[in-house]
There are 2 protein chains.
Amino acid sequence: MSLAWLDDIQWTEDGLVPVIAQQHNTGRVVMFAWMNRESLQLTVAEGYATYWSRSRQRLWRKGEESGHRQKVIDIQLDCDADVILIKIDQEGGIACHTGRESCFYRSLIDGEWQSSEAVLKDPKSIYHK
Amino acid sequence: MSLAWLDDIQWTEDGLVPVIAQQHNTGRVVMFAWMNRESLQLTVAEGYATYWSRSRQRLWRKGEESGHRQKVIDIQLDCDADVILIKIDQEGGIACHTGRESCFYRSLIDGEWQSSEAVLKDPKSIYHK
């Protein structure tokens with residue numbers, strides 16, 4: 001299969017593209033991360049999200065430690081071809097390393113970031129390192 | 001009011017934070033852009049989204065030309081405090097400069113980015129420059 005669709009993307013100078021992950025059936029935005037060319041190709045080939053971890057400088061198969069993989073339903077590109085939105089099905093219902101459904105669990109209320117969402121699972125029982 | 005909530009954010013080296021804009025009542029992700037400290041402060045103070053345009057290097061009050069402003073319903077911060085998700089009400093129902101509801105109107109289908117969404121309004125009639 002041609003890889004022209006990868007060339008259509010406007011990668012950053014570092015060869016990355018920002019990626020928004022959204023739970024396909026509820027619309028909940030669960031996380032934001034980055035992909036490089038290889039990780040996006042793997043995401044498409046395997047049907048599960050693989051990101052590029054900027055902090056660890058390596059491929060990061062989402063769920064590789066936690067088991068909370070993200071099955072890919074749809075991959076969308078924005079008008080400027082420099083942002084990707086993936087519709088996913090979040091296995092285990094937990095995307096955040098804090099044990100919450102979504103990484104976006106705090107809202108600005110009365111001038112403070114207030115948490116509005118319970119921890120579904122103790123991170124200690126998710127990560128066994 | 002204390003501005004400690006602004007200091008809580010992990011700004012990039014350029015003093016920016018990525019922002020995802022989501023239509024509050026449908027869950028549709030309509031665009032992705034960046035804010036600096038001043039634009040986020042203005043967004044909160046005015047109740048309408050103001051971004052930082054990296055290409056034009058200036059504040060960008062969303063809708064300043066098109067009239068398609070984004071009324072802010074909720075502002076959320078992610079677990080790492082380096083990504084913002086705003087729930088908005090998109091005036092005019094068009095967030096994209098192409099005249100579509102959302103900037104994410106293309107999906108990867110059969111190895112190609114295929115447009116799956118109609119233009120609601122001719123951009124020429126939105127921007128009068």
# chains A, B, ... in the order shown; residues from 1 in each chain; ligands from 1
call {"tool": "calpha_fit_and_write", "arguments": {"fixed": "chain A", "moving": "chain B", "output": "PDB file with C-alpha atoms, in the first residue's frame"}}
result
ATOM      1  CA  MET B   1       0.037   0.033  -0.050  1.00  0.00           C
ATOM      2  CA  SER B   2       1.266   3.518  -0.852  1.00  0.00           C
ATOM      3  CA  LEU B   3       2.449   5.574   2.098  1.00  0.00           C
ATOM      4  CA  ALA B   4       1.573   8.892   0.482  1.00  0.00           C
ATOM      5  CA  TRP B   5      -0.928   9.497   3.312  1.00  0.00           C
ATOM      6  CA  LEU B   6       2.028   9.734   5.690  1.00  0.00           C
ATOM      7  CA  ASP B   7       3.693  12.311   3.453  1.00  0.00           C
ATOM      8  CA  ASP B   8       0.484  14.351   3.475  1.00  0.00           C
ATOM      9  CA  ILE B   9       1.060  15.109   7.153  1.00  0.00           C
ATOM     10  CA  GLN B  10       2.853  18.298   8.154  1.00  0.00           C
ATOM     11  CA  TRP B  11       5.274  16.895  10.717  1.00  0.00           C
ATOM     12  CA  THR B  12       6.969  19.176  13.231  1.00  0.00           C
ATOM     13  CA  GLU B  13      10.691  19.836  12.945  1.00  0.00           C
ATOM     14  CA  ASP B  14      11.124  16.924  15.353  1.00  0.00           C
ATOM     15  CA  GLY B  15       9.131  14.672  13.038  1.00  0.00           C
ATOM     16  CA  LEU B  16       6.079  14.544  15.289  1.00  0.00           C
ATOM     17  CA  VAL B  17       2.365  15.219  15.053  1.00  0.00           C
ATOM     18  CA  PRO B  18       0.026  15.975  17.990  1.00  0.00           C
ATOM     19  CA  VAL B  19      -2.694  13.390  18.515  1.00  0.00           C
ATOM     20  CA  ILE B  20      -6.011  13.733  20.325  1.00  0.00           C
ATOM     21  CA  ALA B  21      -7.605  10.463  21.463  1.00  0.00           C
ATOM     22  CA  GLN B  22     -11.382  10.418  21.790  1.00  0.00           C
ATOM     23  CA  GLN B  23     -13.582   7.579  23.018  1.00  0.00           C
ATOM     24  CA  HIS B  24     -15.562   6.763  19.883  1.00  0.00           C
ATOM     25  CA  ASN B  25     -19.005   6.150  21.359  1.00  0.00           C
ATOM     26  CA  THR B  26     -19.159   8.756  24.125  1.00  0.00           C
ATOM     27  CA  GLY B  27     -17.116  11.579  22.601  1.00  0.00           C
ATOM     28  CA  ARG B  28     -15.028  11.854  25.739  1.00  0.00           C
ATOM     29  CA  VAL B  29     -11.559  13.216  25.002  1.00  0.00           C
ATOM     30  CA  VAL B  30      -9.352  10.895  27.016  1.00  0.00           C
ATOM     31  CA  MET B  31      -5.790  11.956  26.264  1.00  0.00           C
ATOM     32  CA  PHE B  32      -3.355  13.896  24.150  1.00  0.00           C
ATOM     33  CA  ALA B  33       0.021  12.635  22.987  1.00  0.00           C
ATOM     34  CA  TRP B  34       2.418  12.659  20.044  1.00  0.00           C
ATOM     35  CA  MET B  35       3.204  10.283  17.212  1.00  0.00           C
ATOM     36  CA  ASN B  36       6.100  10.061  14.830  1.00  0.00           C
ATOM     37  CA  ARG B  37       5.937   8.485  11.406  1.00  0.00           C
ATOM     38  CA  GLU B  38       6.774   5.023  12.650  1.00  0.00           C
ATOM     39  CA  SER B  39       4.265   5.081  15.495  1.00  0.00           C
ATOM     40  CA  LEU B  40       1.447   6.239  13.231  1.00  0.00           C
ATOM     41  CA  GLN B  41       2.316   3.534  10.732  1.00  0.00           C
ATOM     42  CA  LEU B  42       2.249   0.946  13.533  1.00  0.00           C
ATOM     43  CA  THR B  43      -1.043   2.341  14.805  1.00  0.00           C
ATOM     44  CA  VAL B  44      -2.612   1.804  11.406  1.00  0.00           C
ATOM     45  CA  ALA B  45      -0.982  -1.581  10.816  1.00  0.00           C
ATOM     46  CA  GLU B  46      -1.845  -3.022  14.235  1.00  0.00           C
ATOM     47  CA  GLY B  47      -5.158  -1.280  14.836  1.00  0.00           C
ATOM     48  CA  TYR B  48      -4.060  -0.134  18.302  1.00  0.00           C
ATOM     49  CA  ALA B  49      -2.597   3.229  19.254  1.00  0.00           C
ATOM     50  CA  THR B  50       1.173   3.507  19.463  1.00  0.00           C
ATOM     51  CA  TYR B  51       2.563   6.906  20.425  1.00  0.00           C
ATOM     52  CA  TRP B  52       6.020   8.418  20.536  1.00  0.00           C
ATOM     53  CA  SER B  53       7.028   9.135  24.113  1.00  0.00           C
ATOM     54  CA  ARG B  54       8.943  12.398  24.082  1.00  0.00           C
ATOM     55  CA  SER B  55      10.119  11.968  27.685  1.00  0.00           C
ATOM     56  CA  ARG B  56      11.407   8.448  27.102  1.00  0.00           C
ATOM     57  CA  GLN B  57      12.325   9.000  23.446  1.00  0.00           C
ATOM     58  CA  ARG B  58      10.909   5.700  22.334  1.00  0.00           C
ATOM     59  CA  LEU B  59       7.824   4.080  20.857  1.00  0.00           C
ATOM     60  CA  TRP B  60       5.080   3.709  23.421  1.00  0.00           C
ATOM     61  CA  ARG B  61       2.472   1.096  22.712  1.00  0.00           C
ATOM     62  CA  LYS B  62      -0.383   2.496  24.773  1.00  0.00           C
ATOM     63  CA  GLY B  63      -1.297  -0.129  27.361  1.00  0.00           C
ATOM     64  CA  GLU B  64       2.008  -1.985  27.144  1.00  0.00           C
ATOM     65  CA  GLU B  65       2.286  -1.869  30.940  1.00  0.00           C
ATOM     66  CA  SER B  66      -1.269  -1.173  32.050  1.00  0.00           C
ATOM     67  CA  GLY B  67      -3.092  -3.362  29.548  1.00  0.00           C
ATOM     68  CA  HIS B  68      -5.245  -0.348  28.764  1.00  0.00           C
ATOM     69  CA  ARG B  69      -4.819  -0.461  25.020  1.00  0.00           C
ATOM     70  CA  GLN B  70      -6.684   1.776  22.605  1.00  0.00           C
ATOM     71  CA  LYS B  71      -8.371   0.019  19.703  1.00  0.00           C
ATOM     72  CA  VAL B  72      -8.480   2.372  16.754  1.00  0.00           C
ATOM     73  CA  ILE B  73     -11.873   3.023  15.161  1.00  0.00           C
ATOM     74  CA  ASP B  74     -11.107   6.037  12.961  1.00  0.00           C
ATOM     75  CA  ILE B  75      -8.131   8.284  12.190  1.00  0.00           C
ATOM     76  CA  GLN B  76      -8.833  11.877  11.216  1.00  0.00           C
ATOM     77  CA  LEU B  77      -6.601  14.683   9.976  1.00  0.00           C
ATOM     78  CA  ASP B  78      -7.290  18.381  10.403  1.00  0.00           C
ATOM     79  CA  CYS B  79      -7.509  21.077   7.747  1.00  0.00           C
ATOM     80  CA  ASP B  80      -3.841  22.057   8.087  1.00  0.00           C
ATOM     81  CA  ALA B  81      -2.750  18.419   8.072  1.00  0.00           C
ATOM     82  CA  ASP B  82      -0.785  18.942  11.270  1.00  0.00           C
ATOM     83  CA  VAL B  83      -3.063  17.470  13.960  1.00  0.00           C
ATOM     84  CA  ILE B  84      -4.568  13.998  14.213  1.00  0.00           C
ATOM     85  CA  LEU B  85      -7.743  12.955  15.990  1.00  0.00           C
ATOM     86  CA  ILE B  86      -8.174   9.249  16.644  1.00  0.00           C
ATOM     87  CA  LYS B  87     -11.468   7.714  17.630  1.00  0.00           C
ATOM     88  CA  ILE B  88     -10.652   4.809  19.877  1.00  0.00           C
ATOM     89  CA  ASP B  89     -12.203   2.198  22.079  1.00  0.00           C
ATOM     90  CA  GLN B  90     -10.405   2.438  25.416  1.00  0.00           C
ATOM     91  CA  GLU B  91      -9.817  -1.019  26.864  1.00  0.00           C
ATOM     92  CA  GLY B  92     -10.474  -1.141  30.591  1.00  0.00           C
ATOM     93  CA  GLY B  93     -12.165   2.251  30.373  1.00  0.00           C
ATOM     94  CA  ILE B  94      -9.062   3.934  31.801  1.00  0.00           C
ATOM     95  CA  ALA B  95      -6.791   6.116  29.671  1.00  0.00           C
ATOM     96  CA  CYS B  96      -5.030   8.110  32.384  1.00  0.00           C
ATOM     97  CA  HIS B  97      -2.043   6.926  34.387  1.00  0.00           C
ATOM     98  CA  THR B  98      -3.796   8.270  37.491  1.00  0.00           C
ATOM     99  CA  GLY B  99      -6.415   5.530  37.079  1.00  0.00           C
ATOM    100  CA  ARG B 100      -9.111   7.794  35.666  1.00  0.00           C
ATOM    101  CA  GLU B 101     -11.127   7.430  32.480  1.00  0.00           C
ATOM    102  CA  SER B 102      -9.633  10.588  31.015  1.00  0.00           C
ATOM    103  CA  CYS B 103      -6.521  12.687  31.586  1.00  0.00           C
ATOM    104  CA  PHE B 104      -8.822  15.723  31.556  1.00  0.00           C
ATOM    105  CA  TYR B 105     -10.336  15.411  35.000  1.00  0.00           C
ATOM    106  CA  ARG B 106      -9.753  18.931  36.340  1.00  0.00           C
ATOM    107  CA  SER B 107     -11.797  22.020  35.610  1.00  0.00           C
ATOM    108  CA  LEU B 108     -11.069  25.639  36.311  1.00  0.00           C
ATOM    109  CA  ILE B 109     -13.592  26.578  39.002  1.00  0.00           C
ATOM    110  CA  ASP B 110     -13.365  29.744  41.106  1.00  0.00           C
ATOM    111  CA  GLY B 111      -9.790  30.294  39.968  1.00  0.00           C
ATOM    112  CA  GLU B 112      -8.586  26.808  40.861  1.00  0.00           C
ATOM    113  CA  TRP B 113      -8.113  23.535  39.021  1.00  0.00           C
ATOM    114  CA  GLN B 114     -10.607  21.306  40.779  1.00  0.00           C
ATOM    115  CA  SER B 115     -10.765  17.575  40.219  1.00  0.00           C
ATOM    116  CA  SER B 116     -14.200  16.450  39.163  1.00  0.00           C
ATOM    117  CA  GLU B 117     -13.617  12.789  38.560  1.00  0.00           C
ATOM    118  CA  ALA B 118     -13.012   9.760  40.715  1.00  0.00           C
ATOM    119  CA  VAL B 119     -10.078   7.392  40.390  1.00  0.00           C
ATOM    120  CA  LEU B 120     -11.483   4.149  38.999  1.00  0.00           C
ATOM    121  CA  LYS B 121      -8.453   2.041  39.832  1.00  0.00           C
ATOM    122  CA  ASP B 122      -5.446   2.570  42.077  1.00  0.00           C
ATOM    123  CA  PRO B 123      -2.436   3.255  39.832  1.00  0.00           C
ATOM    124  CA  LYS B 124      -0.370   0.963  42.073  1.00  0.00           C
ATOM    125  CA  SER B 125      -2.531  -1.929  40.927  1.00  0.00           C
ATOM    126  CA  ILE B 126      -2.187  -0.860  37.289  1.00  0.00           C
ATOM    127  CA  TYR B 127       1.585  -0.476  37.130  1.00  0.00           C
ATOM    128  CA  HIS B 128       3.635  -3.173  38.759  1.00  0.00           C
ATOM    129  CA  LYS B 129       7.065  -1.599  38.647  1.00  0.00           C
TER     130      LYS B 129
END
call {"tool": "select_by_dssp", "arguments": {"residues": "segment 3-129 of chain B", "states": "alpha helix (DSSP H)", "output": "NGL selection string"}}
result
:B and (4-7 or 37-46 or 123-126)
call {"tool": "select_by_dssp", "arguments": {"residues": "segment 11-49 of chain A", "states": "strand (DSSP E or B)", "output": "PyMOL selection string"}}
result
chain A and resi 16-23+29-36+48
